[in-house]
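Novice: Sharing structure_7.cif here; it has mmCIF, C-alpha atoms and all ligand atoms.
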data_my_file
loop_
_atom_site.label_atom_id
_atom_site.label_comp_id
_atom_site.auth_asym_id
_atom_site.auth_seq_id
_atom_site.Cartn_x
_atom_site.Cartn_y
_atom_site.Cartn_z
CA MET A 1 19.75 3.45 6.97
CA ARG A 2 17.50 0.39 6.81
CA LEU A 3 14.00 0.40 5.38
CA ASN A 4 11.74 -2.36 6.69
CA ILE A 5 8.73 -2.88 4.43
CA PHE A 6 5.75 -4.49 6.14
CA ASN A 7 3.55 -5.69 3.30
CA CYS A 8 0.06 -6.15 4.74
CA SER A 9 -1.74 -7.21 1.57
CA PRO A 10 -3.51 -10.59 1.80
CA ARG A 11 -2.08 -11.25 -1.68
CA GLY A 12 1.45 -11.17 -0.26
CA LYS A 13 4.09 -11.74 -2.92
CA ARG A 14 1.51 -11.43 -5.71
CA SER A 15 0.27 -8.04 -4.52
CA ASN A 16 0.13 -4.66 -6.18
CA THR A 17 1.38 -3.35 -2.85
CA ARG A 18 4.60 -5.27 -3.42
CA VAL A 19 5.46 -3.67 -6.76
CA LEU A 20 4.61 -0.17 -5.53
CA ALA A 21 6.62 -0.49 -2.32
CA GLY A 22 9.33 -2.14 -4.42
CA ALA A 23 9.62 0.88 -6.72
CA PHE A 24 9.92 3.14 -3.66
CA ALA A 25 12.62 0.81 -2.30
CA GLU A 26 14.54 1.00 -5.58
CA GLY A 27 14.76 4.77 -5.31
CA PHE A 28 15.66 4.47 -1.63
CA LEU A 29 18.55 2.15 -2.48
CA GLU A 30 19.83 4.43 -5.25
CA THR A 31 20.64 7.18 -2.75
CA GLU A 32 23.31 6.82 -0.13
CA GLY A 33 22.01 7.62 3.37
CA PRO A 34 23.81 9.64 6.06
CA TYR A 35 25.20 6.41 7.58
CA GLY A 36 26.37 4.80 4.35
CA GLN A 37 24.71 2.32 2.01
CA ASN A 38 20.97 1.97 2.50
CA GLU A 39 19.37 -1.43 2.99
CA VAL A 40 15.85 -2.81 2.48
CA ARG A 41 14.08 -5.79 4.08
CA GLU A 42 10.61 -6.92 3.13
CA TYR A 43 8.18 -8.80 5.38
CA PHE A 44 4.99 -10.40 4.08
CA ILE A 45 2.49 -10.21 6.91
CA SER A 46 0.22 -12.74 5.17
CA ASP A 47 2.82 -15.39 6.02
CA PRO A 48 2.45 -16.35 9.72
CA GLY A 49 6.20 -16.85 10.15
CA GLU A 50 7.01 -13.46 8.66
CA PHE A 51 4.23 -11.86 10.70
CA ARG A 52 6.01 -13.00 13.86
CA LEU A 53 9.41 -11.89 12.62
CA ALA A 54 8.02 -8.51 11.55
CA SER A 55 6.51 -7.98 15.00
CA GLU A 56 9.92 -8.63 16.52
CA VAL A 57 11.84 -6.16 14.33
CA PHE A 58 9.27 -3.36 14.16
CA GLY A 59 10.75 -1.28 17.01
CA GLU A 60 14.31 -1.27 15.64
CA PRO A 61 15.87 2.11 14.86
CA CYS A 62 15.11 2.25 11.15
CA VAL A 63 12.39 3.32 8.72
CA ALA A 64 9.22 1.21 8.98
CA LEU A 65 7.00 1.34 5.89
CA ILE A 66 3.60 -0.23 6.53
CA ALA A 67 1.91 -0.83 3.19
CA PHE A 68 -1.55 -2.17 2.37
CA PRO A 69 -4.50 -1.87 -0.01
CA ILE A 70 -8.02 -0.70 0.79
CA TYR A 71 -10.36 -3.68 0.98
CA VAL A 72 -14.08 -2.98 1.49
CA ASP A 73 -13.44 0.64 2.44
CA ALA A 74 -11.10 -0.39 5.23
CA MET A 75 -7.75 -1.99 5.89
CA PRO A 76 -7.39 -5.77 5.37
CA ALA A 77 -7.75 -7.83 8.55
CA ILE A 78 -4.08 -8.81 8.55
CA ALA A 79 -3.07 -5.14 8.52
CA LYS A 80 -5.28 -4.60 11.57
CA SER A 81 -3.78 -7.67 13.28
CA PHE A 82 -0.28 -6.32 12.64
CA ILE A 83 -1.21 -2.92 14.03
CA GLU A 84 -2.66 -4.57 17.13
CA GLU A 85 0.56 -6.55 17.51
CA ILE A 86 2.84 -3.49 17.30
CA ALA A 87 0.70 -1.63 19.85
CA ALA A 88 3.01 -3.32 22.37
CA TYR A 89 5.74 -0.88 21.24
CA LYS A 90 3.76 2.13 22.46
CA GLY A 91 6.22 4.60 24.00
CA ARG A 92 9.19 2.39 23.02
CA CYS A 93 9.68 3.10 19.33
CA SER A 94 10.72 6.74 19.08
CA SER A 95 13.69 5.69 16.88
CA THR A 96 11.42 3.98 14.36
CA ARG A 97 10.54 6.48 11.63
CA MET A 98 7.15 5.51 10.26
CA LEU A 99 5.97 5.71 6.67
CA PHE A 100 2.75 4.36 5.21
CA LEU A 101 1.68 3.37 1.71
CA ILE A 102 -2.01 2.82 1.05
CA GLN A 103 -3.64 2.27 -2.29
CA SER A 104 -7.19 1.77 -3.47
CA GLY A 105 -8.78 0.27 -6.55
CA PHE A 106 -11.02 3.28 -7.09
CA PRO A 107 -9.16 6.26 -8.50
CA GLU A 108 -10.36 9.12 -6.27
CA GLU A 109 -8.25 10.18 -3.30
CA THR A 110 -11.35 10.21 -1.10
CA HIS A 111 -11.05 6.41 -0.77
CA THR A 112 -7.75 6.66 1.11
CA ARG A 113 -8.31 9.97 2.93
CA PRO A 114 -9.87 8.65 6.18
CA MET A 115 -7.11 6.05 6.48
CA LYS A 116 -4.44 8.77 6.28
CA ALA A 117 -5.86 10.48 9.37
CA TYR A 118 -6.06 7.12 11.19
CA LEU A 119 -2.44 6.21 10.39
CA GLU A 120 -1.04 9.59 11.41
CA LYS A 121 -2.82 9.23 14.73
CA LEU A 122 -1.55 5.67 15.09
CA ALA A 123 2.08 6.84 14.78
CA LYS A 124 1.40 9.61 17.28
CA ARG A 125 -0.07 7.16 19.79
CA LEU A 126 2.85 4.78 19.37
CA GLY A 127 5.22 7.71 19.95
CA ALA A 128 6.99 7.14 16.61
CA PRO A 129 7.78 10.00 14.22
CA CYS A 130 5.62 9.82 11.10
CA ASP A 131 7.35 10.98 7.91
CA GLY A 132 4.26 10.69 5.72
CA VAL A 133 1.51 8.68 4.11
CA ILE A 134 1.80 7.77 0.44
CA ARG A 135 -1.66 7.33 -1.06
CA MET A 136 -2.57 6.09 -4.48
CA GLY A 137 -5.87 5.73 -6.30
CA GLY A 138 -6.32 3.28 -9.16
CA GLY A 139 -3.86 0.76 -7.75
CA GLU A 140 -5.55 -2.35 -9.12
CA GLY A 141 -3.52 -3.89 -11.92
CA ALA A 142 -0.35 -2.08 -10.82
CA ARG A 143 1.61 -5.33 -10.89
CA ASP A 144 0.50 -5.96 -14.48
CA ARG A 145 1.52 -2.52 -15.68
CA VAL A 146 4.74 -2.64 -17.57
CA ARG A 147 7.60 -0.44 -16.50
CA GLY A 148 8.56 1.95 -19.25
CA SER A 149 5.08 1.75 -20.81
CA LYS A 150 2.88 4.83 -20.97
CA SER A 151 0.73 3.89 -17.94
CA GLY A 152 3.36 2.08 -15.90
CA GLY A 153 6.39 4.28 -16.54
CA LYS A 154 5.15 7.43 -14.88
CA MET A 155 3.74 5.60 -11.88
CA PHE A 156 6.89 3.60 -11.14
CA GLU A 157 9.08 6.65 -11.70
CA ARG A 158 7.04 8.64 -9.18
CA TYR A 159 7.61 5.97 -6.54
CA ARG A 160 11.31 5.82 -7.38
CA MET A 161 11.62 9.58 -7.07
CA LEU A 162 9.80 9.50 -3.73
CA GLY A 163 12.20 6.82 -2.46
CA ARG A 164 15.25 8.71 -3.70
CA GLY A 165 14.12 11.99 -2.15
CA TYR A 166 13.19 10.31 1.11
CA ALA A 167 16.59 8.62 1.41
CA ALA A 168 18.30 11.97 0.85
CA ASN A 169 16.19 14.25 3.10
CA ALA A 170 13.78 12.07 5.15
CA VAL A 171 10.96 13.97 3.42
CA LEU A 172 8.33 12.81 0.91
CA ASP A 173 7.88 15.19 -2.01
CA GLU A 174 4.45 16.83 -1.61
CA ALA A 175 3.94 17.38 -5.35
CA ILE A 176 4.51 13.68 -6.11
CA LEU A 177 2.27 12.65 -3.21
CA ALA A 178 -0.55 14.79 -4.61
CA LYS A 179 -0.17 13.31 -8.10
CA LEU A 180 -0.21 9.73 -6.82
CA ALA A 181 -3.18 10.30 -4.49
CA GLY A 182 -5.56 10.84 -7.40
CA PRO A 183 -8.35 13.32 -8.18
CA LYS A 184 -10.92 14.46 -5.62
CA ARG A 185 -13.71 13.65 -8.04
CA LEU A 186 -13.90 12.03 -11.44
CA PRO A 187 -15.23 14.14 -14.30
CA ALA A 188 -19.04 13.80 -14.38
CA LEU A 189 -18.98 12.06 -17.76
CA LEU A 190 -16.48 9.47 -16.64
CA ALA A 191 -18.13 8.55 -13.32
CA PRO A 192 -20.93 6.31 -14.75
CA LEU A 193 -18.27 4.27 -16.58
CA VAL A 194 -16.20 3.45 -13.52
CA LEU A 195 -18.38 0.73 -12.01
CA PRO A 196 -19.00 -1.19 -15.25
CA LEU A 197 -15.29 -0.97 -16.07
CA ALA A 198 -14.33 -2.06 -12.55
CA ASN A 199 -16.71 -5.00 -12.91
CA PHE A 200 -15.32 -5.91 -16.29
CA PHE A 201 -11.61 -5.59 -15.55
CA PHE A 202 -11.53 -6.49 -11.88
CA TRP A 203 -14.44 -8.32 -10.27
CA ASP A 204 -15.30 -10.49 -13.30
CA ARG A 205 -11.66 -11.45 -13.64
CA GLU A 206 -11.50 -12.40 -9.95
CA LEU A 207 -14.71 -14.44 -10.29
CA LYS A 208 -13.35 -16.29 -13.32
CA ARG A 209 -10.05 -16.94 -11.57
CA ASN A 210 -12.01 -18.55 -8.73
CA ASP A 211 -14.29 -20.48 -11.08
CA ALA A 212 -17.34 -18.57 -9.78
CA PHE A 213 -18.24 -16.35 -12.74
CA GLY A 214 -21.23 -18.50 -13.79
CA LYS A 215 -22.59 -18.34 -10.24
CA ARG A 216 -22.38 -14.57 -9.82
CA PHE A 217 -26.16 -14.05 -9.69
CA ASP A 218 -26.87 -17.09 -7.47
CA LYS A 219 -28.99 -16.44 -4.37
CA PRO A 220 -28.19 -19.45 -2.19
CA LEU A 221 -30.08 -18.09 0.83
CA GLU A 222 -33.39 -17.55 -1.01
C1 LIG A 301 -11.85 -8.11 -1.46
C2 LIG A 301 -11.48 -6.79 -2.07
C3 LIG A 301 -12.12 -5.63 -1.64
C4 LIG A 301 -11.77 -4.38 -2.20
N1 LIG A 301 -12.42 -3.26 -1.76
C5 LIG A 301 -12.06 -2.05 -2.26
C6 LIG A 301 -12.69 -0.86 -1.79
O1 LIG A 301 -13.56 -0.86 -0.93
N2 LIG A 301 -12.33 0.33 -2.35
C7 LIG A 301 -11.36 0.41 -3.31
O2 LIG A 301 -11.06 1.50 -3.77
N3 LIG A 301 -10.75 -0.72 -3.77
C8 LIG A 301 -11.07 -1.94 -3.27
N4 LIG A 301 -10.43 -3.07 -3.71
C9 LIG A 301 -9.38 -2.94 -4.72
C10 LIG A 301 -7.97 -2.98 -4.09
O3 LIG A 301 -7.77 -1.93 -3.20
C11 LIG A 301 -6.95 -2.91 -5.20
O4 LIG A 301 -7.20 -3.95 -6.09
C12 LIG A 301 -5.53 -2.99 -4.69
O5 LIG A 301 -4.65 -2.62 -5.73
C13 LIG A 301 -5.19 -4.41 -4.22
O6 LIG A 301 -3.87 -4.40 -3.77
P1 LIG A 301 -3.04 -5.72 -3.43
O7 LIG A 301 -2.84 -6.45 -4.72
O8 LIG A 301 -1.75 -5.19 -2.87
O9 LIG A 301 -3.82 -6.50 -2.43
C14 LIG A 301 -10.77 -4.30 -3.19
C15 LIG A 301 -10.13 -5.49 -3.60
C16 LIG A 301 -10.47 -6.70 -3.05
C17 LIG A 301 -9.77 -7.97 -3.51
#
Re-express the file's structure as structure tokens.

Specialist:
Amino acid sequence: MRLNIFNCSPRGKRSNTRVLAGAFAEGFLETEGPYGQNEVREYFISDPGEFRLASEVFGEPCVALIAFPIYVDAMPAIAKSFIEEIAAYKGRCSSTRMLFLIQSGFPEETHTRPMKAYLEKLAKRLGAPCDGVIRMGGGEGARDRVRGSKSGGKMFERYRMLGRGYAANAVLDEAILAKLAGPKRLPALLAPLVLPLANFFFWDRELKRNDAFGKRFDKPLE
């Protein structure tokens, strides 16, 4: 069985999406499928050439994993472009088993919940069987987390186990899905810390990386 991973993060090869989908793929490759050795191919939608190639192979009889992060409470524009492109397969992709992986920076599962409903409906409209939506809160920094470490080990292992189980039974383990998705709400004491911490560890770092930290309070339109 072949797993095609369609990575729809604008960060492409540097994305958190890549390491998470990669851990799933590792588990998938560890288990032999019903038709022999499993196989994985990865397409980075942020690359125009790969976007085109991915659009051509989407409808093949295999497992299609569409993976992306939540940006500004929605899917990144390239994910939307890819979905618009594969709309051409409507009614012609019943042998493509669809899986989705979506992850948000915020930890609560509420940030990915509306997208799950959208993606399940998308598969239905395309006429492709949907085997599940993997959701994860707190995905930022996933690529910096070290495998085997306290924070990274459990996360990667969960993805590996999901991939292994999926390869064996075409089913995603519900208990693992629930653990990855994140809590419904943060404890009341923790909630006021989330924004300052997100600013400190995420947005400030992005601003510095883009040499814009000193300009963060500029009001160029005033
Ligand atoms: C421009 C931008 C907007 C984002 N907006 C959200 C958001 O609305 N909600 C959220 O939970 N996380 C948000 N995030 C955090 C990302 O979902 C998170 O960092 C994710 O792990 C990025 O994955 P990637 O490296 O695969 O692109 C945003 C990140 C960026 C860069």

Novice: List all protein, DNA and RNA residues that have an atom no more than 7 Å from any atom of ligand LIG 301 (chain A), counting all atoms listed in the file, and report them as a PyMOL selection string.

Specialist: chain A and resi 9-11+14-18+68-74+103-107+111+139-142

Novice: Just checking: using all atoms listed in the file, which residue out of A:Phe58, A:Phe44, A:Phe6, A:Phe202 ends up closest to A:Gly138?

Specialist: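 Of A:Phe58, A:Phe44, A:Phe6, A:Phe202, the one nearest A:Gly138 is A:Phe202, counting all atoms listed in the file.
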
Novice: Just give me the gap between atom CA of A:Ala128 and atom CA of A:Ile86 in Å, one decimal is fine.

Specialist: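 Distance between the two atoms: 11.4 Å.
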
Novice: Name the residues in contact with A:Ser95 at a cut-off of 9 Å, using only C-alpha atoms, excluding same-chain residues fewer than 6 positions from it; report them as a list in words.

Specialist: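 Near A:Ser95, the qualifying residues are Gly59, Glu60, Pro61, Cys62, Val63, Ala128 and Pro129 of chain A.
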
Novice: A:Ser46, A:Ser94, A:Thr112, A:Ser149: which is nearest A:Gly137, counting all atoms listed in the file?

Specialist: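 Under the stated criterion, the closest residue is A:Thr112.
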
Novice: Can you list, as an NGL selection string, every protein, DNA or RNA residue that comes within 8 Å of stretch 29-31 of chain A when you count all atoms listed in the file, leaving out same-chain residues fewer than 6 positions away?

Specialist: :A and (37-40 or 163-164 or 167-168)

Novice: Which one is closest to A:Cys93: A:Leu186, A:Ala123, A:Leu3, A:Leu177? Count all atoms listed in the file.

Specialist: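 For A:Cys93, the nearest of the given residues is A:Ala123.
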
Novice: So that I can see what lies close to A:Cys130, please list as a ChimeraX atom specification the residues with an atom at most 7 Å from it, counting all atoms listed in the file and leaving out residues fewer than 6 positions away in the same chain.

Specialist: /A:97-99,120,123

Novice: Any chance you could export the current selection's C-alpha atoms as an mmCIF file, keeping the file's coordinate frame?

Specialist:
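The new file out14.cif reads:
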data_model
loop_
_atom_site.group_PDB
_atom_site.id
_atom_site.type_symbol
_atom_site.label_atom_id
_atom_site.label_comp_id
_atom_site.auth_asym_id
_atom_site.auth_seq_id
_atom_site.Cartn_x
_atom_site.Cartn_y
_atom_site.Cartn_z
ATOM 1 C CA ARG A 97 10.540 6.480 11.630
ATOM 2 C CA MET A 98 7.150 5.510 10.260
ATOM 3 C CA LEU A 99 5.970 5.710 6.670
ATOM 4 C CA GLU A 120 -1.040 9.590 11.410
ATOM 5 C CA ALA A 123 2.080 6.840 14.780
#

Novice: What's the separation between atom CA of A:Gly27 and atom CA of A:Met115, in Å to one decimal place?

Specialist: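 Computing it gives 24.9 Å between the two atoms.
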
Novice: As an exercise, work out the distance from atom CA of A:Glu108 to atom CA of A:Ser81 in Å and give it to one decimal place.

Specialist: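 Separating atom CA of A:Glu108 from atom CA of A:Ser81 is a distance of 26.6 Å.
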
Novice: Go through A:Leu180, A:Leu189, A:Ala54, A:Ala64 one by one, measure the shortest atom-to-atom distance of each to A:Lys154 using all atoms listed in the file, and give the residue with the smallest value.

Specialist: A:Leu180

Novice: Which is closest to A:Asp144 among A:Leu20, A:Arg41, A:Leu221, A:Lys184, if we use only C-alpha atoms?

Specialist: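 Distance minimum relative to A:Asp144 lands on A:Leu20.
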
Novice: Since fewer atoms than expected are present, regenerate N, CA and C atoms for stretch 170-184 of chain A and write them as a PDB file, in the coordinates of the input.

Specialist:
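This went into part.pdb:
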ATOM      1  N   ALA A 170      14.812  12.555   4.217  1.00  0.00           N
ATOM      2  CA  ALA A 170      13.780  12.070   5.150  1.00  0.00           C
ATOM      3  C   ALA A 170      12.458  12.820   4.959  1.00  0.00           C
ATOM      4  N   VAL A 171      12.198  13.230   3.716  1.00  0.00           N
ATOM      5  CA  VAL A 171      10.960  13.970   3.420  1.00  0.00           C
ATOM      6  C   VAL A 171      10.349  13.371   2.156  1.00  0.00           C
ATOM      7  N   LEU A 172       9.017  13.260   2.134  1.00  0.00           N
ATOM      8  CA  LEU A 172       8.330  12.810   0.910  1.00  0.00           C
ATOM      9  C   LEU A 172       7.915  14.052   0.127  1.00  0.00           C
ATOM     10  N   ASP A 173       8.175  14.036  -1.161  1.00  0.00           N
ATOM     11  CA  ASP A 173       7.880  15.190  -2.010  1.00  0.00           C
ATOM     12  C   ASP A 173       6.351  15.400  -2.117  1.00  0.00           C
ATOM     13  N   GLU A 174       5.903  16.551  -1.664  1.00  0.00           N
ATOM     14  CA  GLU A 174       4.450  16.830  -1.610  1.00  0.00           C
ATOM     15  C   GLU A 174       3.812  16.802  -2.999  1.00  0.00           C
ATOM     16  N   ALA A 175       4.518  17.318  -4.001  1.00  0.00           N
ATOM     17  CA  ALA A 175       3.940  17.380  -5.350  1.00  0.00           C
ATOM     18  C   ALA A 175       3.718  15.961  -5.893  1.00  0.00           C
ATOM     19  N   ILE A 176       4.666  15.073  -5.634  1.00  0.00           N
ATOM     20  CA  ILE A 176       4.510  13.680  -6.110  1.00  0.00           C
ATOM     21  C   ILE A 176       3.391  13.001  -5.332  1.00  0.00           C
ATOM     22  N   LEU A 177       3.342  13.254  -4.023  1.00  0.00           N
ATOM     23  CA  LEU A 177       2.270  12.650  -3.210  1.00  0.00           C
ATOM     24  C   LEU A 177       0.901  13.038  -3.764  1.00  0.00           C
ATOM     25  N   ALA A 178       0.747  14.308  -4.118  1.00  0.00           N
ATOM     26  CA  ALA A 178      -0.550  14.790  -4.610  1.00  0.00           C
ATOM     27  C   ALA A 178      -0.904  14.125  -5.941  1.00  0.00           C
ATOM     28  N   LYS A 179       0.102  13.941  -6.791  1.00  0.00           N
ATOM     29  CA  LYS A 179      -0.170  13.310  -8.100  1.00  0.00           C
ATOM     30  C   LYS A 179      -0.573  11.851  -7.923  1.00  0.00           C
ATOM     31  N   LEU A 180       0.106  11.158  -7.027  1.00  0.00           N
ATOM     32  CA  LEU A 180      -0.210   9.730  -6.820  1.00  0.00           C
ATOM     33  C   LEU A 180      -1.588   9.556  -6.175  1.00  0.00           C
ATOM     34  N   ALA A 181      -1.948  10.479  -5.279  1.00  0.00           N
ATOM     35  CA  ALA A 181      -3.180  10.300  -4.490  1.00  0.00           C
ATOM     36  C   ALA A 181      -4.420  10.195  -5.371  1.00  0.00           C
ATOM     37  N   GLY A 182      -4.420  10.922  -6.484  1.00  0.00           N
ATOM     38  CA  GLY A 182      -5.560  10.840  -7.400  1.00  0.00           C
ATOM     39  C   GLY A 182      -6.479  12.042  -7.269  1.00  0.00           C
ATOM     40  N   PRO A 183      -7.456  12.145  -8.176  1.00  0.00           N
ATOM     41  CA  PRO A 183      -8.350  13.320  -8.180  1.00  0.00           C
ATOM     42  C   PRO A 183      -9.362  13.256  -7.043  1.00  0.00           C
ATOM     43  N   LYS A 184      -9.883  14.431  -6.661  1.00  0.00           N
ATOM     44  CA  LYS A 184     -10.920  14.460  -5.620  1.00  0.00           C
ATOM     45  C   LYS A 184     -12.200  13.836  -6.162  1.00  0.00           C
TER      46      LYS A 184
END
